[in-house]
file work_26.cif (mmCIF, C-alpha atoms and all ligand atoms)
data_protein
#
loop_
_atom_site.label_atom_id
_atom_site.label_comp_id
_atom_site.auth_asym_id
_atom_site.auth_seq_id
_atom_site.Cartn_x
_atom_site.Cartn_y
_atom_site.Cartn_z
CA MET A 382 18.11 15.74 -1.88
CA LYS A 383 20.97 15.80 0.63
CA LEU A 384 20.55 14.55 4.19
CA SER A 385 22.95 14.30 7.13
CA LYS A 386 23.24 12.24 10.26
CA ALA A 387 20.90 13.38 13.07
CA ASP A 388 23.00 15.34 15.57
CA ARG A 389 20.54 14.78 18.42
CA PRO A 390 17.77 12.34 19.40
CA LEU A 391 14.46 12.53 17.53
CA ARG A 392 11.72 13.80 19.82
CA GLY A 393 8.10 14.80 19.52
CA ASN A 394 4.82 13.81 17.94
CA VAL A 395 3.88 13.05 14.37
CA THR A 396 0.42 12.58 12.89
CA ILE A 397 0.60 10.23 9.95
CA PRO A 398 -1.49 10.93 6.84
CA GLY A 399 -4.37 8.67 5.82
CA ASP A 400 -3.95 5.07 4.76
CA LYS A 401 -3.35 4.73 1.03
CA SER A 402 -5.21 1.43 0.60
CA ILE A 403 -8.24 2.66 2.53
CA SER A 404 -8.26 6.03 0.71
CA HIS A 405 -8.37 4.31 -2.71
CA ARG A 406 -11.20 2.06 -1.60
CA SER A 407 -13.22 4.94 -0.15
CA ILE A 408 -13.35 6.59 -3.59
CA MET A 409 -14.13 3.40 -5.48
CA PHE A 410 -16.83 2.08 -3.16
CA GLY A 411 -18.24 5.58 -2.69
CA ALA A 412 -18.61 5.83 -6.47
CA LEU A 413 -20.54 2.53 -6.59
CA ALA A 414 -22.80 3.40 -3.65
CA GLU A 415 -26.11 5.28 -3.71
CA GLY A 416 -25.74 8.74 -2.17
CA THR A 417 -22.88 10.91 -0.96
CA THR A 418 -19.92 9.32 0.79
CA ARG A 419 -17.94 11.67 3.02
CA VAL A 420 -14.28 10.84 3.58
CA THR A 421 -12.07 12.53 6.17
CA ASN A 422 -8.29 12.17 6.55
CA PHE A 423 -8.15 11.09 2.90
CA LEU A 424 -4.56 10.66 1.66
CA ARG A 425 -3.87 13.31 -0.97
CA GLY A 426 -0.96 11.38 -2.43
CA ALA A 427 -0.49 11.05 -6.19
CA ASP A 428 -1.73 7.43 -6.22
CA CYS A 429 -5.07 8.24 -4.60
CA LEU A 430 -5.44 11.32 -6.80
CA SER A 431 -5.10 8.95 -9.80
CA THR A 432 -8.09 7.01 -8.46
CA ILE A 433 -10.10 10.24 -8.10
CA SER A 434 -9.29 11.29 -11.67
CA CYS A 435 -10.28 7.87 -13.07
CA PHE A 436 -13.67 7.94 -11.33
CA ARG A 437 -14.31 11.50 -12.45
CA LYS A 438 -13.75 10.29 -16.01
CA LEU A 439 -16.26 7.53 -15.31
CA GLY A 440 -18.88 10.19 -14.57
CA ILE A 441 -18.64 10.48 -10.78
CA ALA A 442 -18.70 13.95 -9.20
CA ILE A 443 -16.02 14.13 -6.50
CA GLU A 444 -15.57 17.29 -4.42
CA GLU A 445 -12.18 17.91 -2.82
CA ASN A 446 -12.56 20.22 0.17
CA PRO A 447 -9.74 20.94 2.63
CA ALA A 448 -11.38 18.89 5.39
CA GLU A 449 -13.15 16.18 3.42
CA ILE A 450 -13.76 14.47 0.11
CA LEU A 451 -17.37 14.09 -1.05
CA ILE A 452 -18.13 11.35 -3.54
CA HIS A 453 -21.53 11.60 -5.18
CA GLY A 454 -22.10 7.91 -5.84
CA LYS A 455 -24.37 6.75 -8.64
CA GLY A 456 -24.91 3.13 -7.58
CA LEU A 457 -23.55 -0.11 -8.95
CA HIS A 458 -24.74 0.68 -12.49
CA GLY A 459 -24.18 4.45 -12.59
CA LEU A 460 -20.71 4.70 -14.15
CA THR A 461 -20.56 6.09 -17.70
CA ALA A 462 -18.10 5.49 -20.56
CA PRO A 463 -14.98 7.69 -20.31
CA ASP A 464 -14.15 9.87 -23.33
CA SER A 465 -10.45 8.97 -23.18
CA ILE A 466 -7.99 6.48 -21.74
CA LEU A 467 -7.93 6.21 -17.92
CA ASP A 468 -4.57 7.27 -16.47
CA VAL A 469 -3.66 5.19 -13.41
CA GLY A 470 -0.29 6.93 -12.95
CA ASN A 471 2.04 4.85 -10.75
CA SER A 472 -0.75 3.08 -8.87
CA GLY A 473 -0.98 -0.71 -8.88
CA THR A 474 -3.98 -0.54 -6.54
CA THR A 475 -5.90 1.73 -8.92
CA THR A 476 -5.06 -0.49 -11.90
CA ARG A 477 -5.99 -3.81 -10.38
CA LEU A 478 -9.06 -2.79 -8.39
CA ILE A 479 -10.59 -0.64 -11.11
CA SER A 480 -10.14 -3.47 -13.62
CA GLY A 481 -12.48 -5.64 -11.54
CA ILE A 482 -15.09 -2.87 -11.58
CA LEU A 483 -14.65 -2.11 -15.29
CA ALA A 484 -15.05 -5.78 -16.22
CA GLY A 485 -18.68 -5.46 -15.08
CA GLN A 486 -19.54 -2.29 -17.05
CA PRO A 487 -21.56 -2.15 -20.30
CA PHE A 488 -18.86 -0.11 -22.11
CA THR A 489 -15.22 -0.37 -23.23
CA THR A 490 -12.36 1.25 -21.33
CA GLU A 491 -8.63 1.44 -21.83
CA LEU A 492 -6.26 2.19 -19.03
CA ASN A 493 -2.57 2.93 -18.84
CA GLY A 494 -0.01 4.37 -16.45
CA ASP A 495 3.65 5.30 -16.08
CA LYS A 496 6.71 3.23 -17.01
CA SER A 497 6.67 1.32 -13.70
CA ILE A 498 2.99 0.37 -14.11
CA GLN A 499 3.68 -0.78 -17.68
CA SER A 500 6.06 -3.41 -16.38
CA ARG A 501 4.01 -4.73 -13.45
CA PRO A 502 2.27 -8.09 -13.83
CA MET A 503 -1.41 -7.89 -14.76
CA LYS A 504 -1.81 -11.52 -15.81
CA ARG A 505 -2.62 -12.17 -12.15
CA ILE A 506 -5.90 -10.26 -12.69
CA ILE A 507 -6.39 -11.00 -16.40
CA ASP A 508 -6.52 -14.76 -15.69
CA PRO A 509 -9.20 -14.80 -12.98
CA LEU A 510 -11.26 -12.07 -14.67
CA SER A 511 -11.16 -14.07 -17.92
CA LEU A 512 -12.32 -17.16 -16.02
CA MET A 513 -15.31 -15.08 -14.91
CA GLY A 514 -16.05 -14.35 -18.58
CA ALA A 515 -14.52 -10.87 -18.69
CA ASP A 516 -13.14 -9.48 -21.93
CA ILE A 517 -9.82 -8.02 -20.77
CA GLU A 518 -6.58 -7.88 -22.71
CA SER A 519 -3.08 -6.57 -22.36
CA ILE A 520 -2.94 -4.35 -25.46
CA ARG A 521 0.75 -5.10 -26.12
CA GLY A 522 0.25 -8.79 -25.34
CA ASN A 523 2.95 -8.75 -22.62
CA GLY A 524 0.64 -9.30 -19.63
CA CYS A 525 1.05 -5.68 -18.52
CA ALA A 526 -0.77 -2.36 -18.96
CA PRO A 527 -2.04 -0.79 -21.16
CA LEU A 528 -5.22 -2.82 -20.71
CA ARG A 529 -8.44 -2.85 -22.72
CA ILE A 530 -11.64 -4.02 -21.01
CA ARG A 531 -14.82 -4.60 -23.00
CA SER A 532 -18.36 -5.38 -21.89
CA ALA A 533 -19.07 -9.07 -21.21
CA PRO A 534 -21.40 -10.98 -18.86
CA LEU A 535 -19.62 -12.17 -15.71
CA HIS A 536 -20.04 -15.49 -13.92
CA GLY A 537 -19.22 -16.29 -10.31
CA ILE A 538 -16.07 -18.37 -9.73
CA HIS A 539 -14.24 -19.95 -6.83
CA TYR A 540 -10.69 -18.85 -7.41
CA THR A 541 -7.57 -20.09 -5.68
CA SER A 542 -4.88 -17.45 -6.04
CA LYS A 543 -1.19 -18.39 -6.11
CA VAL A 544 -0.22 -15.07 -4.55
CA ALA A 545 -1.39 -13.54 -1.30
CA SER A 546 -2.36 -10.23 -2.90
CA ALA A 547 -5.06 -7.87 -1.68
CA GLN A 548 -5.07 -6.24 -5.11
CA VAL A 549 -5.85 -9.54 -6.85
CA LYS A 550 -8.40 -10.54 -4.19
CA SER A 551 -10.11 -7.14 -4.33
CA CYS A 552 -10.21 -7.12 -8.13
CA ILE A 553 -12.04 -10.45 -8.20
CA LEU A 554 -14.44 -9.52 -5.38
CA LEU A 555 -15.31 -6.25 -7.14
CA ALA A 556 -16.01 -8.10 -10.39
CA GLY A 557 -18.09 -10.45 -8.23
CA LEU A 558 -20.48 -7.55 -7.52
CA TYR A 559 -21.53 -7.83 -11.18
CA ALA A 560 -21.47 -11.64 -11.58
CA ASP A 561 -24.47 -13.96 -11.99
CA SER A 562 -23.65 -15.98 -8.86
CA GLU A 563 -21.44 -16.04 -5.78
CA THR A 564 -17.69 -15.45 -6.19
CA SER A 565 -14.98 -16.49 -3.78
CA VAL A 566 -11.24 -16.05 -3.56
CA THR A 567 -8.87 -18.20 -1.54
CA GLU A 568 -5.31 -16.99 -1.04
CA PRO A 569 -2.29 -18.82 0.38
CA TYR A 570 -2.05 -16.40 3.31
CA LEU A 571 -4.43 -13.67 4.36
CA SER A 572 -3.58 -10.35 2.67
CA ARG A 573 -4.86 -6.96 3.89
CA ASN A 574 -8.63 -7.14 4.34
CA HIS A 575 -9.67 -3.48 3.90
CA THR A 576 -11.87 -4.35 0.92
CA GLU A 577 -13.79 -6.91 2.93
CA ILE A 578 -14.24 -4.58 5.92
CA MET A 579 -15.26 -1.53 3.89
CA LEU A 580 -17.45 -3.24 1.31
CA ARG A 581 -19.39 -4.91 4.12
CA HIS A 582 -19.77 -1.50 5.74
CA PHE A 583 -21.28 -0.19 2.48
CA GLY A 584 -23.80 -3.08 2.52
CA ALA A 585 -22.16 -5.76 0.39
CA LYS A 586 -23.01 -9.38 1.14
CA LEU A 587 -19.49 -10.49 1.86
CA THR A 588 -18.20 -13.16 4.23
CA SER A 589 -14.69 -14.15 5.24
CA ALA A 590 -13.52 -17.50 6.60
CA GLY A 591 -9.81 -18.16 7.04
CA THR A 592 -8.11 -17.11 3.81
CA THR A 593 -11.32 -17.24 1.74
CA ALA A 594 -13.57 -14.26 1.04
CA THR A 595 -16.96 -14.74 -0.63
CA ILE A 596 -19.23 -12.13 -2.18
CA ARG A 597 -22.79 -12.31 -3.45
CA PRO A 598 -23.68 -10.18 -6.49
CA GLU A 599 -25.88 -7.11 -6.95
CA PRO A 600 -26.11 -5.67 -3.43
CA GLU A 601 -27.38 -2.15 -2.93
CA LEU A 602 -24.34 -0.26 -1.70
CA VAL A 603 -25.20 2.71 0.50
CA ALA A 604 -23.03 5.83 0.97
CA GLN A 605 -21.06 6.06 4.24
CA ASP A 606 -18.95 8.41 6.33
CA ILE A 607 -15.39 7.11 6.29
CA LYS A 608 -12.64 8.34 8.62
CA VAL A 609 -9.38 7.05 7.18
CA PRO A 610 -6.86 5.89 9.81
CA GLY A 611 -3.19 6.88 9.50
CA ASP A 612 -1.15 4.62 7.23
CA ILE A 613 1.02 2.11 9.12
CA SER A 614 3.18 1.84 6.00
CA SER A 615 4.01 5.55 6.36
CA ALA A 616 4.33 5.26 10.14
CA ALA A 617 6.94 2.55 9.61
CA TYR A 618 9.59 5.14 8.61
CA PHE A 619 9.10 6.99 11.89
CA ILE A 620 9.11 3.75 13.85
CA ALA A 621 12.44 2.88 12.25
CA ALA A 622 13.88 6.36 12.77
CA GLY A 623 12.90 6.26 16.46
CA LEU A 624 14.44 2.84 16.92
CA ILE A 625 17.81 3.56 15.30
CA VAL A 626 18.63 7.15 16.23
CA PRO A 627 20.11 6.97 19.76
CA GLY A 628 18.07 8.57 22.54
CA SER A 629 14.93 9.04 20.41
CA GLU A 630 11.36 8.95 21.66
CA ILE A 631 8.51 9.56 19.20
CA LEU A 632 4.74 9.46 19.57
CA ILE A 633 3.11 8.47 16.27
CA ARG A 634 -0.58 9.39 16.35
CA ASN A 635 -3.66 7.60 14.97
CA VAL A 636 -2.09 4.70 13.11
CA GLY A 637 -4.17 1.90 11.54
CA VAL A 638 -3.16 -1.34 13.27
CA ASN A 639 -5.37 -3.82 11.41
CA PRO A 640 -3.82 -7.28 12.12
CA THR A 641 -3.47 -7.90 8.36
CA ARG A 642 -1.16 -4.85 8.23
CA ASP A 643 0.71 -4.83 11.53
CA GLY A 644 3.53 -7.25 10.69
CA ILE A 645 6.09 -4.47 11.07
CA LEU A 646 5.10 -4.07 14.73
CA LYS A 647 5.44 -7.81 15.32
CA VAL A 648 8.83 -7.94 13.62
CA CYS A 649 10.15 -4.88 15.46
CA ARG A 650 9.06 -6.32 18.80
CA GLU A 651 10.69 -9.63 17.97
CA MET A 652 13.86 -7.68 17.21
CA GLY A 653 13.67 -6.20 20.72
CA ALA A 654 12.01 -2.87 19.92
CA ASP A 655 10.38 -0.77 22.62
CA ILE A 656 6.99 0.13 21.10
CA THR A 657 3.88 0.80 23.20
CA LEU A 658 0.33 1.02 21.81
CA LEU A 659 -1.77 3.78 23.39
CA ASN A 660 -5.35 5.01 22.85
CA GLU A 661 -6.46 1.88 21.04
CA ASN A 662 -9.61 2.59 19.05
CA ASP A 663 -11.64 1.60 15.99
CA GLU A 664 -12.68 3.50 12.83
CA ASN A 665 -15.43 1.69 10.89
CA GLY A 666 -14.03 -1.73 11.77
CA GLU A 667 -10.38 -0.66 11.29
CA PRO A 668 -8.39 -0.74 14.58
CA THR A 669 -6.20 2.30 15.34
CA ALA A 670 -3.68 3.27 18.02
CA ASP A 671 -0.98 5.78 18.90
CA LEU A 672 2.50 4.28 18.88
CA LEU A 673 5.14 5.33 21.38
CA VAL A 674 8.54 4.34 20.00
CA ARG A 675 11.84 4.54 21.89
CA HIS A 676 15.37 3.93 20.68
CA SER A 677 16.17 0.24 21.25
CA SER A 678 18.98 -2.25 20.79
CA LEU A 679 17.85 -4.73 18.17
CA HIS A 680 18.78 -8.27 17.21
CA GLY A 681 18.38 -10.19 13.95
CA VAL A 682 15.24 -12.24 13.14
CA THR A 683 13.78 -14.42 10.39
CA ILE A 684 10.81 -12.92 8.52
CA GLY A 685 8.75 -15.21 6.28
CA GLY A 686 5.53 -17.16 5.67
CA ALA A 687 2.16 -15.74 6.70
CA LEU A 688 3.84 -12.63 8.11
CA ILE A 689 5.01 -11.45 4.68
CA PRO A 690 1.69 -10.08 3.32
CA THR A 691 1.18 -8.22 6.62
CA LEU A 692 4.32 -6.12 6.09
CA ILE A 693 4.94 -6.42 2.36
CA ASP A 694 5.43 -2.65 1.88
CA GLU A 695 7.52 -2.37 5.06
CA LEU A 696 10.14 -4.95 4.05
CA PRO A 697 12.54 -2.30 2.69
CA VAL A 698 12.53 -0.44 6.01
CA ALA A 699 12.68 -3.77 7.89
CA ALA A 700 15.86 -4.55 5.91
CA LEU A 701 17.27 -1.21 7.04
CA LEU A 702 16.45 -2.04 10.67
CA ALA A 703 18.28 -5.34 10.22
CA CYS A 704 21.48 -3.37 9.48
CA PHE A 705 21.22 -1.89 12.98
CA ALA A 706 20.48 -5.25 14.63
CA GLU A 707 23.08 -7.59 16.10
CA GLY A 708 23.32 -10.83 14.13
CA THR A 709 21.71 -12.06 10.94
CA THR A 710 18.25 -11.23 9.59
CA ILE A 711 16.71 -13.44 6.91
CA ILE A 712 13.79 -12.21 4.80
CA ARG A 713 12.24 -15.08 2.86
CA ASP A 714 9.01 -15.94 0.96
CA ALA A 715 9.06 -12.36 -0.33
CA GLN A 716 9.35 -12.87 -4.11
CA GLU A 717 6.57 -10.28 -4.47
CA LEU A 718 9.15 -7.60 -3.67
CA LYS A 719 10.48 -8.04 -7.20
CA VAL A 720 7.23 -6.80 -8.79
CA LYS A 721 6.49 -3.71 -6.71
CA GLU A 722 7.09 -0.11 -7.89
CA SER A 723 10.70 -1.26 -8.38
CA ASN A 724 12.46 -4.59 -7.84
CA ARG A 725 12.79 -3.95 -4.14
CA ILE A 726 15.19 -6.84 -3.52
CA ASP A 727 17.72 -5.58 -6.06
CA VAL A 728 17.24 -1.92 -5.21
CA MET A 729 17.61 -2.48 -1.45
CA VAL A 730 20.74 -4.60 -1.91
CA GLU A 731 22.25 -2.01 -4.27
CA ASN A 732 21.62 0.94 -1.96
CA LEU A 733 22.33 -0.74 1.40
CA THR A 734 25.61 -2.04 -0.04
CA ALA A 735 26.48 1.51 -1.14
CA MET A 736 26.09 2.57 2.52
CA GLY A 737 28.44 -0.17 3.74
CA ALA A 738 25.93 -2.84 4.81
CA ARG A 739 26.59 -6.55 4.33
CA VAL A 740 23.50 -7.76 2.47
CA THR A 741 22.88 -10.51 -0.07
CA ALA A 742 19.94 -10.96 -2.42
CA THR A 743 18.26 -14.38 -2.45
CA ASP A 744 15.58 -15.75 -4.77
CA ASP A 745 12.84 -14.77 -2.38
CA GLY A 746 14.32 -12.09 -0.16
CA MET A 747 17.56 -10.95 1.47
CA ILE A 748 20.09 -11.94 4.10
CA ILE A 749 21.44 -9.06 6.16
CA GLU A 750 24.43 -9.25 8.51
CA GLY A 751 23.70 -6.51 11.01
CA GLY A 752 25.83 -4.50 13.36
CA ARG A 753 28.12 -2.74 10.84
CA PRO A 754 27.96 1.05 10.89
CA LEU A 755 26.47 2.66 7.76
CA HIS A 756 28.01 5.59 5.93
CA GLY A 757 26.44 8.18 3.66
CA ALA A 758 26.21 7.42 -0.06
CA THR A 759 24.38 8.42 -3.23
CA ILE A 760 21.10 6.53 -3.31
CA ASP A 761 19.10 5.84 -6.44
CA SER A 762 15.41 5.70 -5.44
CA HIS A 763 14.51 4.19 -8.83
CA LEU A 764 11.48 6.51 -8.51
CA ASP A 765 10.14 4.19 -5.79
CA HIS A 766 8.61 6.17 -2.92
CA ARG A 767 9.26 3.48 -0.31
CA ILE A 768 12.95 3.29 -1.26
CA ALA A 769 13.35 7.08 -0.99
CA MET A 770 11.73 7.15 2.47
CA THR A 771 13.72 4.15 3.72
CA PHE A 772 17.00 5.84 2.82
CA ALA A 773 15.98 9.21 4.21
CA VAL A 774 15.71 7.36 7.54
CA ALA A 775 18.99 5.52 6.91
CA ALA A 776 20.69 8.89 6.38
CA LEU A 777 19.75 9.96 9.92
CA ALA A 778 21.83 7.14 11.39
CA ALA A 779 24.68 6.99 8.84
CA ASP A 780 28.00 8.84 9.08
CA GLY A 781 28.45 11.72 6.64
CA GLU A 782 26.10 12.88 3.93
CA THR A 783 23.54 10.91 1.93
CA GLU A 784 22.11 12.07 -1.37
CA ILE A 785 18.81 10.62 -2.57
CA ARG A 786 18.11 10.82 -6.29
CA ASP A 787 14.52 11.53 -7.37
CA ALA A 788 13.62 12.06 -3.72
CA ASP A 789 10.35 13.75 -4.81
CA CYS A 790 8.78 10.41 -5.62
CA VAL A 791 7.53 10.37 -1.98
CA GLN A 792 4.55 12.37 -3.28
CA ILE A 793 3.06 9.01 -4.35
CA SER A 794 2.14 8.09 -0.78
CA TYR A 795 3.40 10.82 1.57
CA PRO A 796 3.79 14.33 0.10
CA ASP A 797 4.87 15.94 3.44
CA PHE A 798 7.28 13.19 4.42
CA TYR A 799 10.52 15.22 4.55
CA HIS A 800 8.76 18.06 6.36
CA ASP A 801 7.41 15.67 9.02
CA LEU A 802 10.77 13.91 9.40
CA ASN A 803 12.53 17.26 9.82
CA GLY A 804 10.00 18.25 12.44
CA LEU A 805 11.41 15.63 14.81
CA GLN A 806 14.96 16.98 14.60
CA HIS A 807 14.45 20.31 16.37
C1 LIG B 901 -2.29 -2.88 -1.69
C2 LIG B 901 -1.87 -4.16 -1.62
C3 LIG B 901 -0.45 -4.58 -1.67
C4 LIG B 901 0.49 -3.40 -1.41
C5 LIG B 901 0.08 -2.16 -2.13
C6 LIG B 901 -1.34 -1.74 -1.77
C7 LIG B 901 -3.74 -2.60 -1.67
O1 LIG B 901 -0.19 -5.11 -2.94
O2 LIG B 901 1.81 -3.75 -1.77
O3 LIG B 901 0.95 -1.09 -1.80
O4 LIG B 901 -4.13 -1.45 -1.46
O5 LIG B 901 -4.51 -3.54 -1.88
P1 LIG B 901 -0.50 -6.67 -3.22
O6 LIG B 901 -1.80 -6.94 -2.61
O7 LIG B 901 -0.52 -6.87 -4.69
O8 LIG B 901 0.64 -7.39 -2.54
#
call {"tool": "encode", "arguments": {"input": "work_26.cif", "output": "C-alpha cells", "more": "lines below"}}
Ligand code: S3P
result
Amino acid sequence: MKLSKADRPLRGNVTIPGDKSISHRSIMFGALAEGTTRVTNFLRGADCLSTISCFRKLGIAIEENPAEILIHGKGLHGLTAPDSILDVGNSGTTTRLISGILAGQPFTTELNGDKSIQSRPMKRIIDPLSLMGADIESIRGNGCAPLRIRSAPLHGIHYTSKVASAQVKSCILLAGLYADSETSVTEPYLSRNHTEIMLRHFGAKLTSAGTTATIRPEPELVAQDIKVPGDISSAAYFIAAGLIVPGSEILIRNVGVNPTRDGILKVCREMGADITLLNENDENGEPTADLLVRHSSLHGVTIGGALIPTLIDELPVAALLACFAEGTTIIRDAQELKVKESNRIDVMVENLTAMGARVTATDDGMIIEGGRPLHGATIDSHLDHRIAMTFAVAALAADGETEIRDADCVQISYPDFYHDLNGLQH
C-alpha cells in the first residue's frame, strides 16, 4: 500500500471499533456461563474471529448478527471435545487464555496457529499450569505452539509471575475456575484487568489487591449483556495522527480508558499533548470517554516501570511520536516488545531508521532522538498489524511517499483502519 504526506490538517470524528481484549473475553466467558450472553460493538477482527471459531469447535453455538453476537453458553462444564485441532490464527490472547480453560476440561485438545504464534513463548503458561497439575506440552518441545492439553485434576496455587502479562494472569485465573482450591497470581506490575472486571461481572468469586488477583473455584457463571468499549490501542493511531499532522483536530468517540490501559494518554500528556476527555462514562465496570486531540508540539520523555504494561501495545506508536518530539525519548523495561507479533524493538528501529529517524535499540527498549524530519520509505510490516498502522500514521507526516508491505495485516485488530484514517483527510 502506498501513502503520501497529508496535504491538509486532519479533521472530524472517528468511532473506534471494539476493544480486542474485551471482545475475546466476552466470547470465552459467555461460553462458560449459563444462558445467552449478548455482545454489542464486538470487534470483528481476525484475532477475535479465531476465538469464536475455537469455541464453536468446543461445542458452543455462537450467532453473528450485524448488531450483536449471541453466545449460547453451556456453563463451566459444558464444553465438548473438538473433532480437530483448534486454530488460534495469529492470536496470543486466544492461545494463552484458552489454554487455561482447556487445562480444566475432561478431554484432550491440540491447538496451533500461524508462523508468528509458533514462535511466541508459551513456557510462561506451561510452567504455572503444570504447577497446578495440568497436563500441557509443547508438541515440538520448544516451549511454543503447537500445544497438546490433556485432562488432569487441577490444584490451586499462589503464583508469582516474572512478567506483567494479562495473558499469563488470565490463563492461570481461568484454570483456577476448575481447581480444587483458591488460586492467586501476583505480577510485578499490574497488567490490564479486563479478566478480573468481566469475570466478576459474570459471577466469579474473584478479588484483587494491589498486583495480586485471587479466584475461588467452581462459581456459577451467569450470562450477561456486554457492550464492548472502543479499543484504546486502536485509538492510539488517531491520537498520534492528530498530534503530529499540523493543524489537526480529531474527536475520537467511545474509547475505553481503563487505568490499566491508558498509559498512552499519560505519556502523550507528559510529552505536551493537547488531549481532552469528554463524556466520561462506564460500560460494565470499564471506563470510557471521547478524546479530543489537537496538534501539539511535543518533547521527549522517559517511559518505563509500571507504565509499560499500561501501554505495551502502544509503544510502537509512542516511538513514532518521539520522532516528532524535541529532545530524547527513552523507552525502557520493555523487553516484552521482543515477543509480540514481531520483535517490535528490531522492527521499529529498522523502519524508523529507513524513514530518517535517529533511533537505537537497547536491551529493553529504544532511545529516540526526536526533532528530525521523516521521509517516505518502504516499510516492512513483518505481518504485524501494529507496525503497519504505526507507519500508516508516520506516512501522513513524512515527506514523499511511503509504501507499506503486507499492509493488509491490519485485519487482525482493525479491518477498516485505512478507510477510517482516510476519512479524516477530506
Ligand atoms: C492482551 C494482553 C497483552 C497485549 C495483547 C492483548 C490481552 O499481552 O499485548 O495484545 O488481551 O490480555 P501480555 O499480557 O502478554 O503482555
call {"tool": "closest_residue", "arguments": {"input": "work_26.cif", "among": "A:Thr743, A:Asn660, A:Ser480, A:Asn493", "to": "A:Val549", "atoms": "only C-alpha atoms"}}
result
A:Ser480
call {"tool": "residues_near_ligand", "arguments": {"input": "work_26.cif", "ligand": "ligand LIG 901 (chain B)", "cutoff": "10 Å", "atoms": "all atoms listed in the file", "output": "number ranges by chain"}}
result
A: 400-406, 428, 472-475, 477-478, 502, 505, 544-552, 572-576, 614, 642, 689-695, 717-718, 720-722, 767, 794
call {"tool": "closest_residue", "arguments": {"input": "work_26.cif", "among": "A:Gly611, A:Asp561, A:Ile441, A:Ala621", "to": "A:Arg597", "atoms": "only C-alpha atoms"}}
result
A:Asp561
call {"tool": "closest_residue", "arguments": {"input": "work_26.cif", "among": "A:Gly440, A:Gly804, A:Gly685, A:Gly746", "to": "A:Pro463", "atoms": "only C-alpha atoms"}}
result
A:Gly440
call {"tool": "residues_near_point", "arguments": {"input": "work_26.cif", "point": "(20.3, -3.4, -3.5)", "cutoff": "12 Å", "atoms": "only C-alpha atoms", "output": "ChimeraX atom specification"}}
result
/A:697,700-701,718-719,723-743,746-749,760-763,768,772
call {"tool": "residues_around", "arguments": {"input": "work_26.cif", "residues": "A:Ser615", "least_positions_apart": "5", "cutoff": "8 Å", "atoms": "only C-alpha atoms", "output": "PDB file with C-alpha atoms, in the frame of the given file"}}
result
ATOM      1  CA  ILE A 397       0.600  10.230   9.950  1.00  0.00           C
ATOM      2  CA  PRO A 398      -1.490  10.930   6.840  1.00  0.00           C
ATOM      3  CA  SER A 794       2.140   8.090  -0.780  1.00  0.00           C
ATOM      4  CA  TYR A 795       3.400  10.820   1.570  1.00  0.00           C
TER       5      TYR A 795
END
call {"tool": "residues_around", "arguments": {"input": "work_26.cif", "residues": "A:Gly781", "least_positions_apart": "6", "cutoff": "8 Å", "atoms": "all atoms listed in the file", "output": "CSV table (one decimal) with C-alpha atoms, in the frame of the given file"}}
result
chain,number,residue,atom,x,y,z
A,385,SER,CA,23.0,14.3,7.1
A,386,LYS,CA,23.2,12.2,10.3
A,756,HIS,CA,28.0,5.6,5.9
A,757,GLY,CA,26.4,8.2,3.7
call {"tool": "closest_residue", "arguments": {"input": "work_26.cif", "among": "A:Leu554, A:Val791, A:Val603, A:Leu467", "to": "A:Arg419", "atoms": "all atoms listed in the file"}}
result
A:Val603
call {"tool": "residues_around", "arguments": {"input": "work_26.cif", "residues": "A:Glu563", "least_positions_apart": "3", "cutoff": "9 Å", "atoms": "all atoms listed in the file", "output": "list in words"}}
result
His536, Gly537, Ile538, His539, Gly557, Leu558, Ala560, Thr595, Ile596, Arg597 and Pro598 of chain A
call {"tool": "residues_near_point", "arguments": {"input": "work_26.cif", "point": "(17.9, -13.9, 8.1)", "cutoff": "8 Å", "atoms": "only C-alpha atoms", "output": "ChimeraX atom specification"}}
result
/A:681-684,709-713,747-749
call {"tool": "residues_around", "arguments": {"input": "work_26.cif", "residues": "A:Thr417", "least_positions_apart": "3", "cutoff": "10 Å", "atoms": "only C-alpha atoms", "output": "list of chain:residue names"}}
result
A:Gly411, A:Ala412, A:Ala414, A:Val420, A:Ala442, A:Ile443, A:Ile450, A:Leu451, A:Ile452, A:His453, A:Gly454, A:Lys455, A:Val603, A:Ala604, A:Gln605, A:Asp606
call {"tool": "residues_around", "arguments": {"input": "work_26.cif", "residues": "A:Pro600", "least_positions_apart": "2", "cutoff": "7 Å", "atoms": "only C-alpha atoms", "output": "JSON, numbers by chain"}}
result
{"A": [584, 585, 586, 598, 602]}
call {"tool": "write_last_selection", "arguments": {"input": "work_26.cif", "atoms": "C-alpha atoms", "output": "short mmCIF file (atom, residue, chain, number, x, y, z; two decimals), keeping the file's coordinate frame"}}
result
data_model
loop_
_atom_site.label_atom_id
_atom_site.label_comp_id
_atom_site.auth_asym_id
_atom_site.auth_seq_id
_atom_site.Cartn_x
_atom_site.Cartn_y
_atom_site.Cartn_z
CA GLY A 584 -23.80 -3.08 2.52
CA ALA A 585 -22.16 -5.76 0.39
CA LYS A 586 -23.01 -9.38 1.14
CA PRO A 598 -23.68 -10.18 -6.49
CA LEU A 602 -24.34 -0.26 -1.70
#
call {"tool": "atom_distance", "arguments": {"input": "work_26.cif", "atom1": "atom CA of A:Lys383", "atom2": "atom CA of A:Ala699"}}
result
22.5 Å
call {"tool": "closest_residue", "arguments": {"input": "work_26.cif", "among": "A:Lys438, A:Ile625, A:Glu518, A:Met652", "to": "A:Leu679", "atoms": "all atoms listed in the file"}}
result
A:Met652
call {"tool": "decode", "arguments": {"input": "work_26.cif", "residues": "stretch 564-568 of chain A", "atoms": "N, CA and C atoms", "output": "PDB file, in the first residue's frame"}}
result
ATOM      1  N   THR A 564      -6.905 -19.958  43.842  1.00  0.00           N
ATOM      2  CA  THR A 564      -5.696 -19.703  43.038  1.00  0.00           C
ATOM      3  C   THR A 564      -5.435 -18.208  43.024  1.00  0.00           C
ATOM      4  N   SER A 565      -4.148 -17.831  43.175  1.00  0.00           N
ATOM      5  CA  SER A 565      -3.864 -16.402  43.043  1.00  0.00           C
ATOM      6  C   SER A 565      -2.628 -16.180  42.180  1.00  0.00           C
ATOM      7  N   VAL A 566      -2.598 -15.018  41.577  1.00  0.00           N
ATOM      8  CA  VAL A 566      -1.477 -14.629  40.717  1.00  0.00           C
ATOM      9  C   VAL A 566      -0.994 -13.256  41.167  1.00  0.00           C
ATOM     10  N   THR A 567       0.322 -13.149  41.386  1.00  0.00           N
ATOM     11  CA  THR A 567       0.917 -11.851  41.694  1.00  0.00           C
ATOM     12  C   THR A 567       1.852 -11.501  40.544  1.00  0.00           C
ATOM     13  N   GLU A 568       1.735 -10.301  40.038  1.00  0.00           N
ATOM     14  CA  GLU A 568       2.604  -9.878  38.933  1.00  0.00           C
ATOM     15  C   GLU A 568       3.445  -8.680  39.376  1.00  0.00           C
TER      16      GLU A 568
END
